[in-house]
There are 2 protein chains.
Amino acid sequence: MAKVIKPRLAKGTRDFSPTEMALRRHIFGVIEKYFKRFGFDQIETPAVENLETLTGKYGEEGDRLIFKILNSGDYLDGVDSTLLQNRESNALIPQLCEKALRYDLTVPFARYVVQHRNDISFPFRRYQIQPVWRADRPQKGRYREFYQCDADVIGSNSLLLEAEFIQLITLVFRELNINYTIKLNSRKILFGFCEALGIESKFTAFTTILDKLDKKPWQALKTEFLEAGFSDDQTKAFESINDLNGLELSKTGFENLKAAIKLSNIGQQGLAELQEIMSYLSSQTLSNVRLDLTLARGLNYYTGAIIEVAAKDVDIGSICGGGRYDDLTGIFGLEEMSGIGISFGIDRIFDILSASPSADHGNKSTSVVFINFGNKELDYSLKALDKLRSAGIRAEIYPDPDKLKKQFKYADNKGASHVVTAGELEITKSMYTLKDLKTGEQELLNMEGLINTLGADAYI
Amino acid sequence: MAKVIKPRLAKGTRDFSPTEMALRRHIFGVIEKYFKRFGFDQIETPAVENLETLTGKYGEEGDRLIFKILNSGDYLDGVDSTLLQNRESNALIPQLCEKALRYDLTVPFARYVVQHRNDISFPFRRYQIQPVWRADRPQKGRYREFYQCDADVIGSNSLLLEAEFIQLITLVFRELNINYTIKLNSRKILFGFCEALGIESKFTAFTTILDKLDKKPWQALKTEFLEAGFSDDQTKAFESINDLNGLELSKTGFENLKAAIKLSNIGQQGLAELQEIMSYLSSQTLSNVRLDLTLARGLNYYTGAIIEVAAKDVDIGSICGGGRYDDLTGIFGLEEMSGIGISFGIDRIFDILSASPSADHGNKSTSVVFINFGNKELDYSLKALDKLRSAGIRAEIYPDPDKLKKQFKYADNKGASHVVTAGELEITKSMYTLKDLKTGEQELLNMEGLINTLGADAYI
């Protein structure tokens, strides 16, 4: 047959073992539970989208990071000769690739909403948990294939929704036992700063640079502002944002902020909105929420409140983020659909919890392994196995009559809680010997006793 | 902004709505439940694999159907000039594409086993539920992106495992309420036929043609056999297989079959194996199992018993299939690991159940929608909402104080079971009006009454 190939993963991708999957499923389960309690329904969209659906939505850098799928068959047939001869890699992409892997869940969601708008009852609350792909350079906490876990409500501009998302985030991280801070800002306030300085046309340049603050110190940003053509005075004014930052969400704080953007109506509106959002939240929820005026969020489709969650004890970047957008579906022809959404960084949350020593997450593996004594005793064990499984217990029999030591070692490695031995002695008595692998204790039980003892921790 | 793009799906892919997702999750849930009860643990592998991991494992046709991912950056840099000039699409693939989308879950599983062999406790029982991609021509029941749902045991050649898989399949389809037949055969018996005819070197050609029987009549196959260089006599002998087919799994049946392959040791062995497998099964399970000597399974890695499940009431092709393999991991350098696995055709099962009128599958959406009367009454409703959610009830408030009719219509469309109205009257009495959307009845309840009434069908 073919030559032997060294088994290895594609760069920036990962396998997940049974133990890792148990933790992942635990995380998905907690997030999903709260999505559902808040009235979100699940949808799925395909991993593969038409390239034109994705192109131009994530900026030039984003377009480069989209994984394109080579057309099937004779993909060079009909391709422009000059471009090919000059090796114009970029210009040739649309001719070589019709399809691509989704880059996030947001753009496919926008496509979904417009395509199915006649079947959707708005405001539409949906959640979606699926992988996305980016041709980023892999590094700690950054993968080329990773899960996004999004919830959005589209078709309402009620600020109640901002408050609900903050509540939902709070409940999720509390249950996952992760220390967190929710940073809150409004793109309207940031716009207000620009408007107050009379430079609203440079708003995007401003936020793009500001967004780098979690990776670079303020001093470096100053240089970037100057290089981008902002004046000395403007750059100094931006610094006042950094000073206002960390402001407690107190009345005084708000008064200072109000003064700083008093020249901008939009800025004032952004501030009023944050105040309304906070009025819907309990003081308990608010204790983890911090106004962060330097929070910009990279994506330009955000138009109102923006949210980002940082883990307190680990330096791993944002573990959840989102915000209000006013025109996500416009590119697909459906205007004036205000919406808001958040996305949990499942893979980073997974990395945090994997590294935490609190251990025992998620669902157990097999509860019980039957020892295989060979053909004579097999029938007796198989019947018991059937009954345990019918009772919902995770049970298996070691498939070969190997040495007992090997069979016990298998059960142990797999993390089984118990082993059943049913040899000649047990068969004569119509009983089973059940050994608890943690305590080492064993008892002789009949079928009912077996089910009762194992049943307690049988379900996930 | 950018020009408006018509929202459409890539060919051969699908969106899944909340209702469809509820059914899919129901199907996944049933299959997963039995996977777990039989001691299988979940793993996940990435969608993107190195192209060399996948190439050459699925035959020439399979290689063509693998979706390749264009290298990022300047992918034409360094590419062979002559090949480019001559537009040698096929020969250029390895230079343009390092990565590809997985074609099935089996080859990635083999890679996983070899790569992680030191951490695995064998025999390794794993299950995996993830999408795969094939550049097939889309048609009814065939998609370019679809889920596979696989369970395998690797590292044991015990025939108990064949029996367990048949049991597992039985339990799954019984619970899913699908009428099915399990077809059983052995590649060893098929080899036995060839050996008895002295043409074992043409075994692959024989099975490849035989495998087409579910798509073409026997007459067409005859022509193909002759075209492939089989003699008239051999082709006639093959026809006897078709005659033996449908054989009841009775003693007489076996005797006839035994006679037909008495010249082949391997054939006899295959037959003895099937008898042993059936000896492990209850008569209840066996009632849906049928020996099908024309079952060949397309993939050549199968070496022993093979299984395929057909839905009885629908013409949609195989809905589950699998078999014994002796050397799946050899290509990655790990020899002599016998294994067996099955794969559920989730997307076809989904199509069958979607079309069935028995309706109400899977998890409910939001149980209760609170009507929004505007700011004055909001606080009262928000507090109740919190309490219901804490009690595990799926609850939401309509985000805007729109017209009542619109709000009720939303609740109805979403499939909510109840609506709560809490206006001035209710607030004065510290009560809530709960309306059952199915019966139209309404009652005035306090918080406790609300939780008790809604709690009953709150969980999924």
# chains A, B, ... in the order shown; residues from 1 in each chain; ligands from 1
call {"tool": "residues_around", "arguments": {"residues": "segment 269-285 of chain A", "least_positions_apart": "2", "cutoff": "7 Å", "atoms": "only C-alpha atoms", "output": "PyMOL selection string"}}
result
chain A and resi 159-160+162-163+167+170+186+188-189+265-267+287-288+304
call {"tool": "write_last_selection", "arguments": {"atoms": "N, CA and C atoms", "output": "PDB file, in the first residue's frame"}}
result
ATOM      1  N   LEU A 159     -32.781  48.709  24.885  1.00  0.00           N
ATOM      2  CA  LEU A 159     -31.560  48.617  25.699  1.00  0.00           C
ATOM      3  C   LEU A 159     -31.679  47.558  26.786  1.00  0.00           C
ATOM      4  N   LEU A 160     -32.887  47.059  26.967  1.00  0.00           N
ATOM      5  CA  LEU A 160     -33.071  45.908  27.848  1.00  0.00           C
ATOM      6  C   LEU A 160     -32.160  44.765  27.420  1.00  0.00           C
ATOM      7  N   GLU A 162     -29.155  44.862  26.010  1.00  0.00           N
ATOM      8  CA  GLU A 162     -27.785  45.041  26.495  1.00  0.00           C
ATOM      9  C   GLU A 162     -27.696  44.541  27.939  1.00  0.00           C
ATOM     10  N   ALA A 163     -28.696  44.931  28.732  1.00  0.00           N
ATOM     11  CA  ALA A 163     -28.691  44.524  30.139  1.00  0.00           C
ATOM     12  C   ALA A 163     -28.801  43.001  30.256  1.00  0.00           C
ATOM     13  N   GLN A 167     -26.241  40.312  32.079  1.00  0.00           N
ATOM     14  CA  GLN A 167     -26.720  39.322  33.060  1.00  0.00           C
ATOM     15  C   GLN A 167     -26.307  37.916  32.675  1.00  0.00           C
ATOM     16  N   THR A 170     -22.700  37.241  33.182  1.00  0.00           N
ATOM     17  CA  THR A 170     -22.459  37.092  34.613  1.00  0.00           C
ATOM     18  C   THR A 170     -22.783  35.680  35.080  1.00  0.00           C
ATOM     19  N   SER A 186     -19.293  52.637  24.923  1.00  0.00           N
ATOM     20  CA  SER A 186     -20.223  52.854  23.823  1.00  0.00           C
ATOM     21  C   SER A 186     -19.458  53.485  22.676  1.00  0.00           C
ATOM     22  N   LYS A 188     -20.711  55.270  20.653  1.00  0.00           N
ATOM     23  CA  LYS A 188     -21.240  56.638  20.555  1.00  0.00           C
ATOM     24  C   LYS A 188     -20.426  57.610  21.401  1.00  0.00           C
ATOM     25  N   ILE A 189     -19.979  57.162  22.552  1.00  0.00           N
ATOM     26  CA  ILE A 189     -19.144  58.016  23.400  1.00  0.00           C
ATOM     27  C   ILE A 189     -17.809  58.275  22.698  1.00  0.00           C
ATOM     28  N   ASN A 265     -23.764  65.616  20.677  1.00  0.00           N
ATOM     29  CA  ASN A 265     -25.069  65.019  20.996  1.00  0.00           C
ATOM     30  C   ASN A 265     -25.003  63.509  21.015  1.00  0.00           C
ATOM     31  N   ILE A 266     -24.322  62.975  20.030  1.00  0.00           N
ATOM     32  CA  ILE A 266     -24.210  61.514  19.954  1.00  0.00           C
ATOM     33  C   ILE A 266     -23.469  60.968  21.163  1.00  0.00           C
ATOM     34  N   GLY A 267     -22.419  61.661  21.559  1.00  0.00           N
ATOM     35  CA  GLY A 267     -21.678  61.260  22.748  1.00  0.00           C
ATOM     36  C   GLY A 267     -22.576  61.249  23.978  1.00  0.00           C
ATOM     37  N   SER A 287     -21.369  44.799  40.094  1.00  0.00           N
ATOM     38  CA  SER A 287     -20.089  44.801  40.788  1.00  0.00           C
ATOM     39  C   SER A 287     -18.951  44.303  39.896  1.00  0.00           C
ATOM     40  N   ASN A 288     -19.246  43.579  38.847  1.00  0.00           N
ATOM     41  CA  ASN A 288     -18.188  43.134  37.942  1.00  0.00           C
ATOM     42  C   ASN A 288     -18.115  43.933  36.649  1.00  0.00           C
ATOM     43  N   GLY A 304     -23.180  51.011  18.952  1.00  0.00           N
ATOM     44  CA  GLY A 304     -23.674  51.476  20.248  1.00  0.00           C
ATOM     45  C   GLY A 304     -22.821  50.921  21.370  1.00  0.00           C
TER      46      GLY A 304
END
call {"tool": "residues_around", "arguments": {"residues": "segment 104-112 of chain B", "least_positions_apart": "2", "cutoff": "10 Å", "atoms": "only C-alpha atoms", "output": "count of residues only"}}
result
55
call {"tool": "residues_around", "arguments": {"residues": "segment 197-205 of chain A", "least_positions_apart": "3", "cutoff": "9 Å", "atoms": "only C-alpha atoms", "output": "mmCIF file with N, CA and C atoms, in the first residue's frame"}}
result
data_model
loop_
_atom_site.group_PDB
_atom_site.id
_atom_site.type_symbol
_atom_site.label_atom_id
_atom_site.label_comp_id
_atom_site.auth_asym_id
_atom_site.auth_seq_id
_atom_site.Cartn_x
_atom_site.Cartn_y
_atom_site.Cartn_z
ATOM 1 N N LEU A 190 -17.234 57.223 22.122
ATOM 2 C CA LEU A 190 -15.971 57.398 21.397
ATOM 3 C C LEU A 190 -16.162 58.369 20.222
ATOM 4 N N PHE A 191 -17.299 58.217 19.551
ATOM 5 C CA PHE A 191 -17.594 59.147 18.457
ATOM 6 C C PHE A 191 -17.725 60.560 19.014
ATOM 7 N N GLY A 192 -18.329 60.651 20.202
ATOM 8 C CA GLY A 192 -18.490 61.945 20.867
ATOM 9 C C GLY A 192 -17.156 62.641 21.079
ATOM 10 N N PHE A 193 -16.158 61.882 21.516
ATOM 11 C CA PHE A 193 -14.823 62.468 21.678
ATOM 12 C C PHE A 193 -14.349 63.067 20.357
ATOM 13 N N CYS A 194 -14.499 62.306 19.290
ATOM 14 C CA CYS A 194 -14.055 62.779 17.981
ATOM 15 C C CYS A 194 -14.846 64.023 17.566
ATOM 16 N N THR A 208 -9.472 52.223 15.407
ATOM 17 C CA THR A 208 -8.589 51.124 15.016
ATOM 18 C C THR A 208 -7.304 51.162 15.831
ATOM 19 N N ILE A 209 -6.774 52.365 16.040
ATOM 20 C CA ILE A 209 -5.540 52.475 16.837
ATOM 21 C C ILE A 209 -5.840 52.237 18.317
ATOM 22 N N LEU A 210 -6.932 52.838 18.789
ATOM 23 C CA LEU A 210 -7.294 52.689 20.205
ATOM 24 C C LEU A 210 -7.463 51.216 20.586
ATOM 25 N N PHE A 225 -0.875 57.428 16.594
ATOM 26 C CA PHE A 225 -1.827 58.516 16.332
ATOM 27 C C PHE A 225 -1.161 59.610 15.492
ATOM 28 N N ALA A 228 -0.642 58.576 12.015
ATOM 29 C CA ALA A 228 -1.888 58.505 11.249
ATOM 30 C C ALA A 228 -2.416 59.901 10.921
ATOM 31 N N PHE A 230 -2.998 62.495 13.137
ATOM 32 C CA PHE A 230 -3.653 63.276 14.193
ATOM 33 C C PHE A 230 -2.654 64.301 14.735
ATOM 34 N N GLN A 234 -4.703 66.836 19.447
ATOM 35 C CA GLN A 234 -5.689 65.746 19.418
ATOM 36 C C GLN A 234 -5.171 64.531 20.185
ATOM 37 N N ALA A 237 -5.499 65.090 23.699
ATOM 38 C CA ALA A 237 -6.905 64.956 24.124
ATOM 39 C C ALA A 237 -7.289 63.490 24.284
ATOM 40 N N LEU A 263 -19.940 68.635 24.004
ATOM 41 C CA LEU A 263 -20.173 69.242 22.696
ATOM 42 C C LEU A 263 -20.803 68.290 21.684
ATOM 43 N N ASN A 300 -15.856 47.337 12.825
ATOM 44 C CA ASN A 300 -16.520 48.616 12.626
ATOM 45 C C ASN A 300 -18.024 48.549 12.546
#
call {"tool": "closest_residue", "arguments": {"among": "B:Phe238, B:Phe122, B:Tyr302, B:Phe408", "to": "chain A", "atoms": "only C-alpha atoms"}}
result
B:Phe122
call {"tool": "select_by_dssp", "arguments": {"residues": "segment 45-108 of chain A", "states": "alpha helix (DSSP H)", "output": "list in words"}}
result
Leu51, Glu52, Thr53, Leu54, Gly59, Glu60, Glu61, Gly62, Asp63, Arg64, Leu65, Ser81, Thr82, Leu83, Leu84, Gln85, Ser89, Asn90, Ala91, Leu92, Ile93, Pro94, Gln95, Leu96, Thr106, Val107 and Pro108 of chain A
call {"tool": "select_by_dssp", "arguments": {"residues": "segment 17-145 of chain B", "states": "strand (DSSP E)", "output": "tab-separated table (two decimals) with N, CA and C atoms, in the first residue's frame"}}
result
chain	number	residue	atom	x	y	z
B	41	ASP	N	-16.23	6.90	24.44
B	41	ASP	CA	-15.91	8.27	24.85
B	41	ASP	C	-15.75	9.14	23.61
B	42	GLN	N	-16.07	10.42	23.78
B	42	GLN	CA	-16.03	11.33	22.63
B	42	GLN	C	-14.63	11.92	22.41
B	48	VAL	N	-9.77	20.68	9.38
B	48	VAL	CA	-8.67	20.88	8.44
B	48	VAL	C	-7.53	19.92	8.77
B	49	GLU	N	-7.14	19.10	7.81
B	49	GLU	CA	-6.00	18.19	7.98
B	49	GLU	C	-4.96	18.52	6.91
B	50	ASN	N	-3.73	18.10	7.14
B	50	ASN	CA	-2.75	18.21	6.07
B	50	ASN	C	-3.21	17.37	4.89
B	68	LYS	N	-9.78	20.95	-1.31
B	68	LYS	CA	-8.45	21.42	-0.94
B	68	LYS	C	-8.50	22.90	-0.58
B	69	ILE	N	-7.66	23.30	0.36
B	69	ILE	CA	-7.61	24.70	0.80
B	69	ILE	C	-6.39	25.37	0.21
B	99	LYS	N	-3.28	21.98	2.79
B	99	LYS	CA	-4.35	21.54	3.70
B	99	LYS	C	-5.61	21.17	2.93
B	100	ALA	N	-6.48	20.43	3.60
B	100	ALA	CA	-7.74	20.03	2.97
B	100	ALA	C	-8.79	19.83	4.05
B	101	LEU	N	-10.06	19.77	3.63
B	101	LEU	CA	-11.14	19.46	4.57
B	101	LEU	C	-11.29	17.95	4.68
B	124	PHE	N	-9.55	0.82	22.41
B	124	PHE	CA	-10.01	2.20	22.50
B	124	PHE	C	-11.40	2.33	21.89
B	125	ARG	N	-12.36	2.72	22.72
B	125	ARG	CA	-13.73	2.93	22.26
B	125	ARG	C	-13.97	4.42	22.15
B	126	ARG	N	-14.07	4.90	20.93
B	126	ARG	CA	-14.31	6.34	20.80
B	126	ARG	C	-15.51	6.60	19.90
B	127	TYR	N	-16.17	7.73	20.17
B	127	TYR	CA	-17.16	8.19	19.20
B	127	TYR	C	-16.85	9.62	18.82
B	128	GLN	N	-17.39	10.03	17.70
B	128	GLN	CA	-17.05	11.33	17.12
B	128	GLN	C	-18.24	11.77	16.26
B	129	ILE	N	-18.72	12.97	16.48
B	129	ILE	CA	-19.85	13.50	15.71
B	129	ILE	C	-19.43	14.84	15.14
B	130	GLN	N	-19.06	14.88	13.88
B	130	GLN	CA	-18.57	16.11	13.29
B	130	GLN	C	-18.88	16.13	11.80
B	131	PRO	N	-18.87	17.32	11.19
B	131	PRO	CA	-19.13	17.38	9.74
B	131	PRO	C	-17.94	16.92	8.90
B	132	VAL	N	-18.25	16.45	7.70
B	132	VAL	CA	-17.22	16.10	6.70
B	132	VAL	C	-17.65	16.75	5.38
B	133	TRP	N	-16.70	16.83	4.43
B	133	TRP	CA	-16.97	17.55	3.19
B	133	TRP	C	-16.57	16.71	1.99
B	145	GLU	N	-21.62	19.11	2.45
B	145	GLU	CA	-21.22	19.22	3.85
B	145	GLU	C	-22.25	18.44	4.64
call {"tool": "closest_residue", "arguments": {"among": "A:Gly455, A:Gly12, A:Gly39, A:Pro217", "to": "Thr294 of chain A", "atoms": "only C-alpha atoms"}}
result
A:Pro217
call {"tool": "atom_distance", "arguments": {"atom1": "atom CA of Asp74 of chain B", "atom2": "atom CA of Glu88 of chain A"}}
result
8.4 Å
call {"tool": "atom_distance", "arguments": {"atom1": "atom CA of Lys435 of chain B", "atom2": "atom CA of Leu382 of chain B"}}
result
17.9 Å
call {"tool": "residues_around", "arguments": {"residues": "Leu213 of chain A", "least_positions_apart": "2", "cutoff": "12 Å", "atoms": "only C-alpha atoms", "output": "JSON, numbers by chain"}}
result
{"A": [206, 207, 208, 209, 210, 211, 215, 216, 217, 218, 219, 220, 221, 222, 224, 239, 241, 242, 292, 293, 294, 295, 296, 297, 298, 317]}
call {"tool": "write_last_selection", "arguments": {"atoms": "N, CA and C atoms", "output": "PDB file, in the first residue's frame"}}
result
ATOM      1  N   PHE A 206      -9.222  56.423  14.384  1.00  0.00           N
ATOM      2  CA  PHE A 206      -9.076  56.590  15.838  1.00  0.00           C
ATOM      3  C   PHE A 206      -9.354  55.282  16.583  1.00  0.00           C
ATOM      4  N   THR A 207     -10.500  54.665  16.273  1.00  0.00           N
ATOM      5  CA  THR A 207     -10.851  53.436  17.010  1.00  0.00           C
ATOM      6  C   THR A 207      -9.937  52.271  16.655  1.00  0.00           C
ATOM      7  N   THR A 208      -9.472  52.223  15.407  1.00  0.00           N
ATOM      8  CA  THR A 208      -8.589  51.124  15.016  1.00  0.00           C
ATOM      9  C   THR A 208      -7.304  51.162  15.831  1.00  0.00           C
ATOM     10  N   ILE A 209      -6.774  52.365  16.040  1.00  0.00           N
ATOM     11  CA  ILE A 209      -5.540  52.475  16.837  1.00  0.00           C
ATOM     12  C   ILE A 209      -5.840  52.237  18.317  1.00  0.00           C
ATOM     13  N   LEU A 210      -6.932  52.838  18.789  1.00  0.00           N
ATOM     14  CA  LEU A 210      -7.294  52.689  20.205  1.00  0.00           C
ATOM     15  C   LEU A 210      -7.463  51.216  20.586  1.00  0.00           C
ATOM     16  N   ASP A 211      -7.982  50.439  19.644  1.00  0.00           N
ATOM     17  CA  ASP A 211      -8.259  49.027  19.877  1.00  0.00           C
ATOM     18  C   ASP A 211      -7.004  48.228  20.220  1.00  0.00           C
ATOM     19  N   LYS A 215      -2.725  45.435  23.632  1.00  0.00           N
ATOM     20  CA  LYS A 215      -1.487  44.779  23.206  1.00  0.00           C
ATOM     21  C   LYS A 215      -0.283  45.704  23.314  1.00  0.00           C
ATOM     22  N   LYS A 216      -0.511  47.030  23.292  1.00  0.00           N
ATOM     23  CA  LYS A 216       0.595  47.995  23.293  1.00  0.00           C
ATOM     24  C   LYS A 216       0.391  49.044  24.382  1.00  0.00           C
ATOM     25  N   PRO A 217       1.471  49.634  24.895  1.00  0.00           N
ATOM     26  CA  PRO A 217       1.321  50.691  25.899  1.00  0.00           C
ATOM     27  C   PRO A 217       0.842  51.999  25.242  1.00  0.00           C
ATOM     28  N   TRP A 218       0.335  52.906  26.068  1.00  0.00           N
ATOM     29  CA  TRP A 218      -0.212  54.164  25.555  1.00  0.00           C
ATOM     30  C   TRP A 218       0.834  54.944  24.767  1.00  0.00           C
ATOM     31  N   GLN A 219       2.089  54.841  25.214  1.00  0.00           N
ATOM     32  CA  GLN A 219       3.173  55.580  24.553  1.00  0.00           C
ATOM     33  C   GLN A 219       3.289  55.173  23.071  1.00  0.00           C
ATOM     34  N   ALA A 220       3.169  53.887  22.828  1.00  0.00           N
ATOM     35  CA  ALA A 220       3.263  53.385  21.449  1.00  0.00           C
ATOM     36  C   ALA A 220       2.070  53.859  20.614  1.00  0.00           C
ATOM     37  N   LEU A 221       0.906  53.909  21.263  1.00  0.00           N
ATOM     38  CA  LEU A 221      -0.298  54.355  20.555  1.00  0.00           C
ATOM     39  C   LEU A 221      -0.159  55.825  20.144  1.00  0.00           C
ATOM     40  N   LYS A 222       0.435  56.607  21.037  1.00  0.00           N
ATOM     41  CA  LYS A 222       0.653  58.033  20.760  1.00  0.00           C
ATOM     42  C   LYS A 222       1.387  58.195  19.431  1.00  0.00           C
ATOM     43  N   GLU A 224       1.545  56.076  17.023  1.00  0.00           N
ATOM     44  CA  GLU A 224       0.663  55.662  15.921  1.00  0.00           C
ATOM     45  C   GLU A 224      -0.344  56.750  15.576  1.00  0.00           C
ATOM     46  N   GLU A 239      -5.417  61.267  25.234  1.00  0.00           N
ATOM     47  CA  GLU A 239      -4.821  60.777  26.471  1.00  0.00           C
ATOM     48  C   GLU A 239      -5.782  60.971  27.652  1.00  0.00           C
ATOM     49  N   ILE A 241      -8.761  60.419  27.631  1.00  0.00           N
ATOM     50  CA  ILE A 241      -9.635  59.239  27.678  1.00  0.00           C
ATOM     51  C   ILE A 241      -9.011  58.189  28.562  1.00  0.00           C
ATOM     52  N   ASN A 242      -7.718  58.015  28.353  1.00  0.00           N
ATOM     53  CA  ASN A 242      -7.016  57.035  29.159  1.00  0.00           C
ATOM     54  C   ASN A 242      -7.076  57.428  30.640  1.00  0.00           C
ATOM     55  N   ASP A 292     -15.022  51.233  30.567  1.00  0.00           N
ATOM     56  CA  ASP A 292     -13.664  51.278  30.019  1.00  0.00           C
ATOM     57  C   ASP A 292     -13.693  52.098  28.731  1.00  0.00           C
ATOM     58  N   LEU A 293     -13.298  53.370  28.844  1.00  0.00           N
ATOM     59  CA  LEU A 293     -13.419  54.280  27.700  1.00  0.00           C
ATOM     60  C   LEU A 293     -12.414  53.975  26.607  1.00  0.00           C
ATOM     61  N   THR A 294     -11.442  53.123  26.893  1.00  0.00           N
ATOM     62  CA  THR A 294     -10.466  52.771  25.849  1.00  0.00           C
ATOM     63  C   THR A 294     -10.900  51.532  25.076  1.00  0.00           C
ATOM     64  N   LEU A 295     -12.008  50.940  25.501  1.00  0.00           N
ATOM     65  CA  LEU A 295     -12.513  49.769  24.771  1.00  0.00           C
ATOM     66  C   LEU A 295     -13.101  50.236  23.443  1.00  0.00           C
ATOM     67  N   ALA A 296     -12.588  49.688  22.336  1.00  0.00           N
ATOM     68  CA  ALA A 296     -13.059  50.156  21.015  1.00  0.00           C
ATOM     69  C   ALA A 296     -13.678  49.027  20.189  1.00  0.00           C
ATOM     70  N   ARG A 297     -13.256  47.788  20.430  1.00  0.00           N
ATOM     71  CA  ARG A 297     -13.669  46.629  19.608  1.00  0.00           C
ATOM     72  C   ARG A 297     -13.214  46.843  18.165  1.00  0.00           C
ATOM     73  N   GLY A 298     -12.499  45.882  17.641  1.00  0.00           N
ATOM     74  CA  GLY A 298     -11.916  46.023  16.309  1.00  0.00           C
ATOM     75  C   GLY A 298     -12.928  46.224  15.189  1.00  0.00           C
ATOM     76  N   GLY A 317      -6.130  37.484  27.025  1.00  0.00           N
ATOM     77  CA  GLY A 317      -6.957  38.286  26.117  1.00  0.00           C
ATOM     78  C   GLY A 317      -8.430  38.146  26.451  1.00  0.00           C
TER      79      GLY A 317
END
call {"tool": "closest_residue", "arguments": {"among": "B:Leu286, B:Ile316, B:Val30, B:Val419", "to": "Asn372 of chain B", "atoms": "only C-alpha atoms"}}
result
B:Val419
call {"tool": "atom_distance", "arguments": {"atom1": "atom CA of Phe38 of chain A", "atom2": "atom CA of Ala311 of chain A"}}
result
23.2 Å
call {"tool": "residues_around", "arguments": {"residues": "Glu396 of chain A", "least_positions_apart": "3", "cutoff": "9 Å", "atoms": "only C-alpha atoms", "output": "list of chain:residue names"}}
result
A:Thr366, A:Ser367, A:Val368, A:Val369, A:Phe370, A:Leu385, A:Arg389, A:Pro399, B:Arg37, B:Phe38, B:Gly39, B:Phe40
call {"tool": "write_last_selection", "arguments": {"atoms": "N, CA, C and O atoms", "output": "short mmCIF file (atom, residue, chain, number, x, y, z; two decimals), in the first residue's frame"}}
result
data_model
loop_
_atom_site.label_atom_id
_atom_site.label_comp_id
_atom_site.auth_asym_id
_atom_site.auth_seq_id
_atom_site.Cartn_x
_atom_site.Cartn_y
_atom_site.Cartn_z
N THR A 366 -17.22 5.66 31.13
CA THR A 366 -17.84 4.41 31.54
C THR A 366 -17.87 4.26 33.06
O THR A 366 -16.86 4.47 33.72
N SER A 367 -19.00 3.85 33.58
CA SER A 367 -19.09 3.62 35.02
C SER A 367 -18.50 2.27 35.40
O SER A 367 -17.85 2.13 36.41
N VAL A 368 -18.77 1.28 34.58
CA VAL A 368 -18.40 -0.07 35.01
C VAL A 368 -17.88 -0.90 33.83
O VAL A 368 -18.42 -0.85 32.73
N VAL A 369 -16.81 -1.64 34.11
CA VAL A 369 -16.25 -2.56 33.12
C VAL A 369 -16.42 -3.99 33.63
O VAL A 369 -16.03 -4.29 34.77
N PHE A 370 -17.04 -4.86 32.82
CA PHE A 370 -17.15 -6.28 33.16
C PHE A 370 -15.86 -6.99 32.74
O PHE A 370 -15.37 -6.78 31.63
N LEU A 385 -25.09 -7.03 31.43
CA LEU A 385 -24.68 -5.81 30.73
C LEU A 385 -25.91 -5.14 30.09
O LEU A 385 -26.12 -3.93 30.20
N ARG A 389 -27.37 -1.40 30.99
CA ARG A 389 -27.52 -0.38 29.96
C ARG A 389 -28.97 0.09 29.86
O ARG A 389 -29.24 1.28 29.68
N PRO A 399 -13.43 -6.78 25.76
CA PRO A 399 -13.83 -7.69 24.67
C PRO A 399 -13.07 -9.02 24.60
O PRO A 399 -13.57 -9.96 24.00
N ARG B 37 -23.67 4.64 26.72
CA ARG B 37 -24.05 3.45 27.48
C ARG B 37 -23.19 2.25 27.10
O ARG B 37 -23.02 1.33 27.89
N PHE B 38 -22.69 2.24 25.89
CA PHE B 38 -21.84 1.13 25.45
C PHE B 38 -20.36 1.43 25.71
O PHE B 38 -19.48 0.74 25.21
N GLY B 39 -20.10 2.48 26.48
CA GLY B 39 -18.72 2.72 26.92
C GLY B 39 -17.85 3.52 25.97
O GLY B 39 -16.62 3.54 26.12
N PHE B 40 -18.46 4.18 24.98
CA PHE B 40 -17.65 4.98 24.06
C PHE B 40 -17.43 6.39 24.63
O PHE B 40 -18.33 6.98 25.21
#
call {"tool": "closest_residue", "arguments": {"among": "A:Ile371, A:Ala384, A:Val420, A:Ile346", "to": "Pro401 of chain A", "atoms": "only C-alpha atoms"}}
result
A:Ile371
